[in-house]
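Shown next: entry25.txt, containing compact mmCIF, C-alpha atoms.
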# COMPACT_ATOMS: atom_id res chain seq x y z
CA MET A 259 0.00 0.00 0.00
CA ALA A 260 1.53 3.29 -1.08
CA ALA A 261 1.33 6.34 1.15
CA LEU A 262 0.87 9.75 -0.36
CA THR A 263 3.48 12.27 0.52
CA ASP A 264 2.48 15.89 1.01
CA PRO A 265 3.02 17.41 -1.50
CA VAL A 266 2.51 14.43 -3.77
CA ASN A 267 4.61 13.52 -6.79
CA PRO A 268 3.81 11.64 -10.04
CA THR A 269 5.17 8.25 -8.98
CA ASN A 270 3.37 8.59 -5.73
CA ILE A 271 0.06 9.35 -7.41
CA VAL A 272 0.38 6.44 -9.82
CA SER A 273 1.19 4.08 -6.93
CA ARG A 274 -1.85 5.24 -5.02
CA PHE A 275 -4.06 5.02 -8.11
CA ILE A 276 -2.94 1.39 -8.37
CA ASP A 277 -4.04 0.84 -4.76
CA TYR A 278 -7.40 2.41 -5.36
CA VAL A 279 -8.50 1.56 -8.87
CA ARG A 280 -6.32 -1.28 -10.14
CA ALA A 281 -6.68 -3.25 -6.90
CA THR A 282 -10.45 -2.80 -6.98
CA ALA A 283 -10.73 -3.71 -10.66
CA GLN A 284 -8.55 -6.78 -10.41
CA SER A 285 -10.26 -8.28 -7.42
CA GLY A 286 -12.55 -11.24 -7.90
CA VAL A 287 -12.15 -11.63 -11.67
CA THR A 288 -13.41 -15.05 -12.74
CA TRP A 289 -13.90 -15.12 -16.48
CA GLY A 290 -11.46 -14.31 -19.23
CA LYS A 291 -10.09 -15.93 -22.36
CA ASN A 292 -8.55 -18.60 -20.13
CA ASP A 293 -11.70 -19.35 -18.14
CA LEU A 294 -14.98 -19.15 -20.02
CA PRO A 295 -18.51 -19.70 -18.76
CA VAL A 296 -19.50 -23.16 -19.95
CA TYR A 297 -22.84 -24.89 -19.71
CA ALA A 298 -22.79 -28.62 -18.87
CA PRO A 299 -19.02 -29.09 -19.16
CA GLY A 300 -17.87 -32.58 -19.96
CA THR A 301 -21.21 -33.66 -21.37
CA PRO A 302 -22.35 -33.95 -24.98
CA TYR A 303 -24.30 -30.75 -24.45
CA GLU A 304 -21.31 -28.67 -23.46
CA THR A 305 -21.76 -25.11 -24.69
CA THR A 306 -19.49 -22.14 -24.20
CA VAL A 307 -21.83 -19.32 -23.28
CA ILE A 308 -19.41 -16.46 -23.94
CA PRO A 309 -16.76 -17.34 -26.53
CA ALA A 310 -13.12 -16.34 -26.08
CA ALA A 311 -13.51 -13.83 -28.91
CA ASP A 312 -15.81 -11.77 -26.73
CA MET A 313 -13.44 -11.76 -23.80
CA GLY A 314 -10.74 -9.11 -23.69
CA ALA A 315 -7.87 -11.09 -22.17
CA ASN A 316 -7.13 -13.66 -19.49
CA ASN A 317 -8.79 -13.16 -16.13
CA ASN A 318 -5.53 -12.14 -14.46
CA ALA A 319 -4.47 -9.65 -17.16
CA ASP A 320 -4.06 -5.94 -16.51
CA PRO A 321 -5.84 -3.53 -18.89
CA ALA A 322 -3.41 -0.74 -18.04
CA PRO A 323 -0.02 -2.17 -17.12
CA ASN A 324 1.78 1.11 -17.76
CA ILE A 325 -0.03 3.87 -15.96
CA PHE A 326 1.50 7.30 -16.35
CA ILE A 327 0.46 10.88 -15.84
CA GLY A 328 0.98 12.82 -19.03
CA ASP A 329 4.62 13.44 -19.81
CA ALA A 330 5.45 13.62 -16.13
CA VAL A 331 8.42 11.67 -14.86
CA PRO A 332 9.56 11.44 -11.25
CA GLY A 333 10.79 14.77 -10.07
CA SER A 334 9.09 16.79 -12.82
CA VAL A 335 6.28 19.26 -12.33
CA ILE A 336 2.79 17.88 -12.76
CA ASN A 337 -0.37 19.85 -13.09
CA ALA A 338 -4.10 19.51 -12.75
CA TYR A 339 -4.49 18.77 -16.43
CA ASN A 340 -2.35 15.70 -16.55
CA ILE A 341 -3.54 14.33 -13.22
CA TYR A 342 -7.18 14.87 -14.02
CA ASN A 343 -7.23 13.61 -17.58
CA TYR A 344 -4.88 10.69 -17.27
CA LEU A 345 -6.42 9.25 -14.14
CA ASN A 346 -9.80 9.71 -15.77
CA PHE A 347 -8.53 7.84 -18.85
CA PHE A 348 -6.99 4.99 -16.87
CA THR A 349 -10.12 4.61 -14.80
CA TYR A 350 -11.89 4.10 -18.12
CA GLU A 351 -9.28 1.51 -19.17
CA TYR A 352 -10.14 -0.63 -16.14
CA CYS A 353 -13.78 -0.74 -17.20
CA TYR A 354 -12.80 -3.72 -19.35
CA ILE A 355 -13.07 -5.69 -16.11
CA ARG A 356 -16.76 -5.71 -15.41
CA ASN A 357 -19.73 -7.57 -14.09
CA ILE A 358 -21.21 -9.86 -16.72
CA ARG A 359 -24.38 -11.91 -16.54
CA ALA A 360 -24.04 -14.86 -18.92
CA ILE A 361 -27.32 -16.46 -19.97
CA LEU A 362 -27.80 -19.44 -22.24
CA THR A 363 -31.35 -19.69 -23.50
CA VAL A 364 -32.94 -22.70 -25.15
CA THR A 365 -35.32 -21.20 -27.66
CA GLY A 366 -36.82 -24.42 -29.06
CA LEU A 367 -39.13 -26.94 -27.49
CA GLY A 368 -36.57 -28.78 -25.44
CA GLY A 369 -37.33 -32.30 -24.42
CA ASN A 370 -34.36 -33.95 -26.02
CA ALA A 371 -33.38 -37.11 -24.23
CA GLY A 372 -30.64 -36.53 -21.77
CA SER A 373 -30.85 -32.78 -22.03
CA LYS A 374 -32.78 -30.14 -20.14
CA PRO A 375 -36.41 -31.11 -20.51
CA THR A 376 -37.79 -27.69 -21.19
CA ALA A 377 -36.93 -24.59 -23.08
CA GLY A 378 -35.78 -21.46 -21.31
CA ASP A 379 -32.68 -20.25 -19.56
CA VAL A 380 -30.49 -23.24 -18.77
CA TYR A 381 -27.51 -21.18 -17.61
CA ASP A 382 -27.68 -17.89 -15.81
CA VAL A 383 -24.55 -16.91 -13.93
CA THR A 384 -23.11 -13.52 -13.04
CA ARG A 385 -19.38 -13.10 -12.55
CA VAL A 386 -16.68 -10.50 -13.05
CA ALA A 387 -14.98 -10.89 -16.42
CA TYR A 388 -12.23 -9.29 -18.42
CA PHE A 389 -14.61 -8.44 -21.22
CA SER A 390 -13.98 -7.24 -24.77
CA ASN A 391 -15.42 -3.78 -24.36
CA ARG A 392 -15.66 -1.06 -21.78
CA ASN A 393 -19.18 -0.09 -22.63
CA THR A 394 -20.10 2.53 -20.08
CA GLN A 395 -23.44 3.33 -21.62
CA ALA A 396 -26.47 3.66 -19.44
CA ALA A 397 -24.37 3.80 -16.31
CA ILE A 398 -25.79 7.14 -15.39
CA ALA A 399 -28.37 9.44 -16.79
CA THR A 400 -26.66 11.91 -19.05
CA PRO A 401 -27.21 15.41 -17.71
CA ALA A 402 -29.09 17.86 -19.85
CA PRO A 403 -26.90 19.72 -22.34
CA SER A 404 -27.92 23.10 -20.99
CA THR A 405 -26.22 22.52 -17.67
CA GLY A 406 -22.67 21.96 -16.66
CA VAL A 407 -21.54 18.91 -14.79
CA ALA A 408 -22.32 18.80 -11.10
CA ASP A 409 -19.99 20.54 -8.70
CA PHE A 410 -16.58 19.06 -8.72
CA ALA A 411 -15.99 19.00 -5.01
CA GLY A 412 -12.70 17.16 -5.22
CA PRO A 413 -9.92 17.53 -5.80
CA ALA A 414 -10.24 20.84 -4.07
CA PRO A 415 -8.90 24.03 -5.66
CA GLY A 416 -5.36 23.19 -4.63
CA VAL A 417 -5.22 20.57 -7.33
CA VAL A 418 -6.76 22.56 -10.09
CA SER A 419 -5.25 25.98 -9.70
CA ALA A 420 -1.96 26.76 -11.33
CA ASN A 421 1.07 27.10 -9.11
CA GLN A 422 -0.59 25.60 -6.06
CA VAL A 423 0.57 22.60 -4.14
CA ILE A 424 -1.52 19.44 -4.30
CA SER A 425 -2.22 18.06 -0.87
CA ALA A 426 -2.31 14.38 -0.04
CA ALA A 427 -5.82 14.67 1.40
CA GLU A 428 -7.20 16.22 -1.79
CA MET A 429 -5.50 13.59 -3.87
CA GLU A 430 -6.90 10.76 -1.75
CA ASN A 431 -10.36 12.22 -2.20
CA PHE A 432 -9.91 12.35 -5.97
CA LEU A 433 -8.63 8.77 -6.14
CA ALA A 434 -11.55 7.57 -4.05
CA ARG A 435 -13.85 9.20 -6.58
CA CYS A 436 -12.07 7.43 -9.42
CA ARG A 437 -12.62 4.14 -7.62
CA THR A 438 -16.28 4.91 -7.03
CA SER A 439 -16.66 5.79 -10.69
CA TYR A 440 -15.09 2.48 -11.67
CA ASN A 441 -17.44 0.62 -9.35
CA ASN A 442 -20.45 2.47 -10.69
CA PHE A 443 -19.59 1.77 -14.32
CA ALA A 444 -18.14 -1.70 -14.21
CA ARG A 445 -19.32 -3.45 -11.05
CA ASN A 446 -22.63 -1.92 -10.05
CA GLN A 447 -24.05 -2.30 -13.49
CA THR A 448 -24.23 -5.74 -15.02
CA TYR A 449 -23.82 -6.32 -18.71
CA ARG A 450 -26.15 -9.08 -19.84
CA TYR A 451 -24.73 -11.42 -22.44
CA ASN A 452 -27.49 -13.58 -23.79
CA ALA A 453 -26.60 -16.54 -26.00
CA SER A 454 -29.24 -18.79 -27.44
CA VAL A 455 -29.45 -22.30 -28.86
CA CYS A 456 -32.38 -23.91 -30.62
CA HIS A 457 -32.64 -26.75 -28.12
CA ALA A 458 -30.68 -27.86 -25.14
CA SER A 459 -29.02 -30.85 -26.75
CA CYS A 460 -27.62 -28.61 -29.45
CA HIS A 461 -24.12 -27.56 -29.41
CA THR A 462 -22.59 -25.08 -31.73
CA SER A 463 -22.30 -27.32 -34.79
CA CYS A 464 -25.76 -28.81 -34.38
CA HIS A 465 -27.49 -27.66 -37.52
CA GLY A 466 -24.38 -27.79 -39.63
CA SER A 467 -23.76 -31.40 -38.75
CA ARG A 468 -27.40 -32.27 -39.14
CA GLY A 469 -27.20 -31.06 -42.71
CA ARG A 470 -24.34 -33.39 -43.37
CA ARG A 471 -26.11 -36.44 -42.03
CA MET B 200 -30.19 -2.71 -36.73
CA ASN B 201 -31.59 -2.24 -40.20
CA SER B 202 -32.62 -5.26 -42.18
CA PRO B 203 -31.54 -5.33 -45.82
CA ASN B 204 -35.11 -4.40 -46.73
CA ASN B 205 -34.71 -1.06 -44.98
CA ILE B 206 -31.56 -0.13 -46.85
CA ILE B 207 -32.04 1.51 -50.21
CA LYS B 208 -29.03 1.18 -52.48
CA THR B 209 -28.80 4.32 -54.53
CA ILE B 210 -26.58 6.94 -56.09
CA ALA B 211 -26.41 10.65 -55.35
CA PRO B 212 -28.50 12.57 -55.96
CA ILE B 213 -31.10 10.21 -54.58
CA ALA B 214 -34.19 9.80 -56.74
CA ILE B 215 -37.23 11.65 -55.41
CA GLU B 216 -39.24 8.42 -55.32
CA ASP B 217 -36.63 6.88 -53.04
CA LEU B 218 -36.38 9.98 -50.85
CA LYS B 219 -40.12 9.96 -50.29
CA LYS B 220 -39.87 6.48 -48.79
CA TYR B 221 -37.91 7.84 -45.82
CA PHE B 222 -40.59 10.33 -44.97
CA VAL B 223 -43.11 7.50 -44.85
CA ASP B 224 -40.87 5.01 -43.04
CA LYS B 225 -38.20 6.47 -40.74
CA SER B 226 -36.41 3.13 -40.48
CA ILE B 227 -35.20 3.55 -44.07
CA THR B 228 -31.51 4.26 -44.63
CA TYR B 229 -29.60 4.88 -47.86
CA ASP B 230 -26.43 3.26 -49.09
CA ILE B 231 -24.89 5.59 -51.66
CA ASP B 232 -22.73 4.05 -54.36
CA TYR B 233 -19.91 6.57 -54.66
CA THR B 234 -18.50 5.29 -57.94
CA ASN B 235 -21.69 5.77 -59.87
CA SER B 236 -22.91 8.91 -58.12
CA LYS B 237 -23.27 12.02 -60.21
CA ILE B 238 -22.15 14.30 -57.40
CA LYS B 239 -18.94 13.59 -55.57
CA GLY B 240 -16.42 15.12 -53.20
CA THR B 241 -17.36 18.31 -51.35
CA LYS B 242 -20.64 18.62 -53.20
CA LEU B 243 -21.70 15.18 -52.01
CA LEU B 244 -20.86 16.03 -48.40
CA THR B 245 -22.88 19.24 -48.63
CA TYR B 246 -25.73 17.37 -50.25
CA ILE B 247 -25.80 14.78 -47.44
CA SER B 248 -25.52 17.45 -44.75
CA ASN B 249 -28.43 19.39 -46.23
CA LEU B 250 -30.62 16.34 -46.66
CA ASP B 251 -30.00 15.23 -43.08
CA ILE B 252 -31.20 11.68 -43.64
CA PRO B 253 -29.55 8.48 -42.40
CA CYS B 254 -27.14 7.26 -45.04
CA ASP B 255 -23.75 5.76 -45.64
CA ILE B 256 -21.42 5.62 -48.62
CA SER B 257 -19.99 2.52 -50.31
CA PHE B 258 -16.75 2.62 -52.24
CA ASN B 259 -15.43 0.31 -54.92
CA ASN B 260 -11.78 1.11 -54.44
CA LYS B 261 -9.27 2.63 -52.06
CA ASN B 262 -8.56 5.67 -54.23
CA GLU B 263 -12.17 6.80 -54.16
CA LYS B 264 -12.35 6.20 -50.44
CA GLU B 265 -9.27 8.30 -49.77
CA GLU B 266 -10.44 10.98 -52.18
CA LEU B 267 -13.60 11.50 -50.17
CA LEU B 268 -11.81 11.07 -46.85
CA LYS B 269 -9.60 14.01 -47.75
CA GLU B 270 -12.64 16.12 -48.59
CA TYR B 271 -14.28 15.00 -45.35
CA LEU B 272 -11.31 16.07 -43.25
CA ASN B 273 -11.32 19.49 -44.91
CA SER B 274 -15.07 19.91 -44.97
CA SER B 275 -16.80 22.72 -43.10
CA VAL B 276 -20.21 21.06 -43.17
CA LEU B 277 -21.26 18.69 -40.44
CA CYS B 278 -22.52 15.38 -41.77
CA THR B 279 -23.19 11.90 -40.50
CA ILE B 280 -21.54 9.23 -42.64
CA PRO B 281 -20.65 6.15 -40.57
CA SER B 282 -18.09 4.66 -42.98
CA LEU B 283 -16.12 7.92 -43.08
CA GLU B 284 -16.36 8.31 -39.33
CA ILE B 285 -14.90 4.83 -38.78
CA GLN B 286 -12.16 5.50 -41.34
CA THR B 287 -11.30 8.77 -39.67
CA ILE B 288 -11.12 7.13 -36.25
CA LYS B 289 -8.71 4.54 -37.64
CA LEU B 290 -6.72 7.30 -39.31
CA MET B 291 -6.41 9.40 -36.15
CA LEU B 292 -5.50 6.38 -34.02
CA GLU B 293 -2.83 5.43 -36.54
CA TYR B 294 -1.52 8.99 -36.54
CA LYS B 295 -1.29 8.86 -32.76
CA GLY B 296 0.60 5.59 -32.93
CA ILE B 297 -2.21 3.58 -31.39
CA HIS B 298 -2.05 0.30 -33.26
CA THR B 299 -4.11 -2.72 -32.46
CA GLU B 300 -5.13 -5.87 -34.22
CA ARG B 301 -8.27 -4.07 -35.22
CA ASN B 302 -6.36 -0.99 -36.25
CA PRO B 303 -3.43 -2.01 -38.45
CA ILE B 304 -1.32 0.54 -40.33
CA LEU B 305 -3.35 1.54 -43.39
CA TYR B 306 -2.90 5.25 -43.86
CA LYS B 307 0.83 5.90 -43.79
CA ASN B 308 0.97 7.67 -47.16
CA PHE B 309 -2.35 9.40 -46.64
CA ILE B 310 -1.11 10.86 -43.37
CA THR B 311 2.04 12.15 -45.03
CA ASP B 312 0.03 13.76 -47.82
CA ASN B 313 -2.53 15.37 -45.51
CA LEU B 314 -0.47 16.18 -42.47
CA GLU B 315 -1.56 19.77 -42.09
CA ILE B 316 -5.28 19.08 -41.79
CA ILE B 317 -4.66 16.02 -39.62
CA LYS B 318 -2.69 18.20 -37.20
CA GLN B 319 -5.61 20.61 -37.07
CA TRP B 320 -7.89 17.73 -36.15
CA GLU B 321 -5.40 16.58 -33.55
CA SER B 322 -5.31 20.00 -31.91
CA LYS B 323 -9.09 20.16 -31.68
CA LEU B 324 -9.52 16.59 -30.50
CA ASP B 325 -6.73 16.87 -27.93
CA SER B 326 -8.17 20.16 -26.70
CA LEU B 327 -11.47 18.49 -25.92
CA THR B 328 -9.79 17.23 -22.76
CA LEU B 329 -9.57 20.88 -21.72
CA PHE B 330 -13.22 21.26 -22.57
CA ASN B 331 -13.87 18.25 -20.38
CA MET B 332 -12.41 20.20 -17.47
CA TYR B 333 -14.09 23.43 -18.50
CA ILE B 334 -17.59 21.95 -18.28
CA VAL B 335 -17.18 21.00 -14.65
CA ASN B 336 -19.10 23.49 -12.62
CA SER B 337 -16.12 24.73 -10.70
CA PRO B 338 -14.65 28.22 -11.20
CA GLU B 339 -11.18 26.91 -10.40
CA MET B 340 -11.38 24.22 -13.07
CA GLN B 341 -12.71 26.70 -15.60
CA GLU B 342 -9.99 29.22 -14.87
CA PHE B 343 -7.41 26.49 -15.13
CA ALA B 344 -8.67 25.49 -18.59
CA LYS B 345 -8.61 29.13 -19.70
CA GLY B 346 -4.97 29.32 -18.70
CA PHE B 347 -3.93 27.37 -21.81
CA PRO B 348 -3.17 29.19 -25.11
CA VAL B 349 -6.37 30.76 -26.43
CA ASP B 350 -7.60 30.25 -29.98
CA GLU B 351 -10.54 32.41 -31.02
CA THR B 352 -11.07 30.86 -34.42
CA GLU B 353 -14.57 30.51 -35.81
CA GLU B 354 -13.26 28.53 -38.75
CA LEU B 355 -15.30 25.39 -39.29
CA THR B 356 -12.87 23.48 -41.48
CA GLY B 357 -12.59 20.03 -39.96
CA ILE B 358 -15.90 20.39 -38.12
CA ASN B 359 -16.55 16.67 -38.46
CA PHE B 360 -14.26 16.00 -35.51
CA LEU B 361 -17.58 16.25 -33.69
CA SER B 362 -18.86 13.19 -35.55
CA LEU B 363 -16.23 10.96 -33.99
CA LEU B 364 -17.52 11.61 -30.51
CA LYS B 365 -20.51 9.34 -30.88
CA HIS B 366 -18.25 6.30 -31.25
CA ASP B 367 -17.15 4.58 -28.07
CA SER B 368 -14.28 3.01 -30.02
CA PHE B 369 -12.72 6.42 -30.61
CA PHE B 370 -11.90 7.23 -27.00
CA VAL B 371 -8.79 5.08 -26.77
CA TYR B 372 -7.34 8.13 -28.59
CA TYR B 373 -7.16 9.98 -25.29
CA GLY B 374 -4.34 7.80 -24.02
CA LYS B 375 -1.97 9.75 -26.29
CA ILE B 376 -2.52 13.46 -25.76
CA LYS B 377 0.18 16.04 -26.33
CA GLU B 378 -0.14 18.86 -23.86
CA SER B 379 1.65 21.14 -26.30
CA ASN B 380 -1.36 20.76 -28.63
CA LEU B 381 -3.87 22.06 -26.13
CA LYS B 382 -5.73 25.25 -26.88
CA PHE B 383 -8.67 26.91 -25.26
CA TYR B 384 -10.97 27.33 -28.27
CA THR B 385 -13.15 30.15 -26.98
CA LYS B 386 -15.76 30.06 -29.73
CA TYR B 387 -15.93 26.30 -29.99
CA PHE B 388 -16.24 25.87 -26.25
CA ASP B 389 -18.85 28.55 -25.60
CA GLU B 390 -21.00 29.20 -28.63
CA TYR B 391 -23.87 27.45 -30.33
CA MET B 392 -22.05 27.19 -33.61
CA PHE B 393 -22.51 23.57 -34.63
CA LYS B 394 -25.81 23.35 -36.48
CA GLY B 395 -27.34 25.45 -33.72
CA LYS B 396 -25.93 23.31 -30.93
CA ASN B 397 -23.00 23.87 -28.61
CA LEU B 398 -20.02 21.59 -28.14
CA TYR B 399 -21.49 20.22 -24.92
CA SER B 400 -24.32 18.66 -26.93
CA TYR B 401 -21.81 16.53 -28.81
CA TRP B 402 -19.46 15.83 -25.92
CA ALA B 403 -21.93 15.00 -23.16
CA THR B 404 -23.37 11.78 -24.49
CA GLU B 405 -23.71 8.30 -23.11
CA ASN B 406 -21.21 7.11 -25.72
CA ASN B 407 -18.44 9.22 -24.28
CA PRO B 408 -16.79 7.34 -21.42
CA LEU B 409 -14.46 10.24 -20.53
CA PHE B 410 -17.41 12.48 -20.02
CA LEU B 411 -19.28 9.82 -18.06
CA ILE B 412 -16.32 9.15 -15.81
CA THR B 413 -15.82 12.88 -15.33
CA PHE B 414 -19.45 13.09 -14.37
CA GLY B 415 -19.01 10.14 -12.04
CA ILE B 416 -15.97 11.71 -10.40
CA SER B 417 -17.68 15.06 -10.05
CA GLU B 418 -20.69 13.38 -8.47
CA GLY B 419 -18.46 12.21 -5.65
CA LEU B 420 -18.57 8.99 -3.70
CA GLN B 421 -22.18 8.03 -4.22
CA LEU B 422 -22.47 4.45 -5.43
CA ILE B 423 -25.28 3.79 -7.87
CA GLU B 424 -27.68 0.93 -7.35
CA ASN B 425 -26.94 -2.26 -9.16
CA LYS B 426 -28.53 -2.19 -12.57
CA GLU B 427 -28.42 -4.19 -15.73
CA GLU B 428 -27.69 -3.00 -19.23
CA GLU B 429 -29.72 -4.06 -22.21
CA SER B 430 -29.34 -7.57 -23.35
CA ASN B 431 -26.68 -8.45 -25.84
CA VAL B 432 -28.22 -11.27 -27.83
CA ALA B 433 -25.56 -13.53 -29.26
CA PRO B 434 -27.07 -16.52 -31.05
CA ILE B 435 -24.89 -19.58 -31.05

This entry written out as structure tokens:
Amino acid sequence: MAALTDPVNPTNIVSRFIDYVRATAQSGVTWGKNDLPVYAPGTPYETTVIPAADMGANNNADPAPNIFIGDAVPGSVINAYNIYNYLNFFTYEYCYIRNIRAILTVTGLGGNAGSKPTAGDVYDVTRVAYFSNRNTQAAIATPAPSTGVADFAGPAPGVVSANQVISAAEMENFLARCRTSYNNFARNQTYRYNASVCHASCHTSCHGSRGRR
Amino acid sequence: MNSPNNIIKTIAPIAIEDLKKYFVDKSITYDIDYTNSKIKGTKLLTYISNLDIPCDISFNNKNEKEELLKEYLNSSVLCTIPSLEIQTIKLMLEYKGIHTERNPILYKNFITDNLEIIKQWESKLDSLTLFNMYIVNSPEMQEFAKGFPVDETEELTGINFLSLLKHDSFFVYYGKIKESNLKFYTKYFDEYMFKGKNLYSYWATENNPLFLITFGISEGLQLIENKEEESNVAPI
């Protein structure tokens, strides 16, 4: 766990951002290219609900391995612009890791011997996944164009005014807001991925192979 | 998504009989065959902007595509043409050195030949990060944004930078900003000069993750209730 110095410096901020946002994003990730949601594994009806192509990377991968703040290097002067915009951007990068609800729906009549007897959702599981997009849509209601964004209570003016010193407390507040934003976009909203098959005993090549019989 | 039945393949200008169909059925879109169109280049962009109907353009070869892309970059009329928007996103990402599997190097020569206008686009697009600070309702943030070099231009050449902002896939661009490019565009940031709308109307959309995260950060530490996005149906 990094501690912020007062005044803070670029390396310090990045380290603390990692504590706040990266640590939150990378906790509890189950699905990825290396671990896919699978219905009835090991049976003839095995079906991958979300294919690897729709996952972004392995479940232990890092969407932003090289976090930086603008052109800043240790010891150089940083400003509100590069803190604000780069931490905003990297918070967005972590939205690849998000809550996904994987549903496999049998759309036909069901009733195939040895398979689920009825049509409907045969798999419905929600987990955190390293997904293929960072879709942040619908996370919040977009404010009306005639108004500005709500008051930006943190970081306090010290961060955003030229030639002022950034305090550790203000920076902690800002990083906590980044983490909350990540949680609101990627964890507290669930992206529903709905795959469907014609009947439960189908697997992906069902109709193709039937045609060849 | 439009079914093939809702897409009318046509040339420009579009026949009146075909145009009338849109006014009866708003799900209609037009796919304009560039090669066989009677109006091309700037005139075609103006024509599409004036018509203000949903359409896209199909090309038969790379030369035609790049010919119109050049006109699009230099155009001062705002138009919605998805294929050109996607091309321009790929172009700007390539220019910024953001290469991915989905964005291979395709425009090296085009960038060399059109560097001046591409740099103008870069300055405007990069400066939107200043605008993103400027819209926060905080006098300190606004003063900070105004502290960057001021550009009072009203010139609309390259106005279609606005059209990229509706694509979520564009925003990876903002990982490669040059602070030396940043300008406080007074007219762009404050006036209703884009088809009667202000810049905020194009920036503050649910497709813009930087705006949404800015909004989230400015809202503070309030967690939203768990909610579910619309279903993504993926037939197997």

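Atom pair atom CA of Trp320 of chain B / atom CA of Tyr387 of chain B: separated by 13.3 Å.
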
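Closest approach to Gly346 of chain B among B:Leu409, B:Leu305, B:Lys382, B:Ser362: B:Lys382, based on all atoms listed in the file.
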
Which residue gives the smallest distance to Ser285 of chain A among A:Val386, A:Ala427, A:Ala260, A:Ala453, with only C-alpha atoms counted?
A:Val386

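Considering the residues B:Val349, B:Met332, B:Ile247, B:Ile297 and counting only C-alpha atoms, chain A has its shortest atom-to-atom contact with B:Met332.
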
With all atoms listed in the file as the atoms that count, which of B:Ala344, B:Leu218, B:Leu272, B:Leu250 lies nearest to Asn359 of chain B?
B:Leu272

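If you measure from each of A:Thr263, A:Phe326, A:Ser425, A:Gly378 to chain B using all atoms listed in the file, the closest one turns out to be A:Phe326.
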
Restricting to all atoms listed in the file, whichever of A:Val287, A:Ala434, A:Ile355, A:Met429 is closest to chain B is A:Ala434

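Atom pair atom CA of Pro408 of chain B / atom CA of Asp312 of chain A: separated by 19.9 Å.
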
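Atom CA of Ile206 of chain B to atom CA of Tyr246 of chain B spans 18.8 Å [interatomic distance, one decimal].
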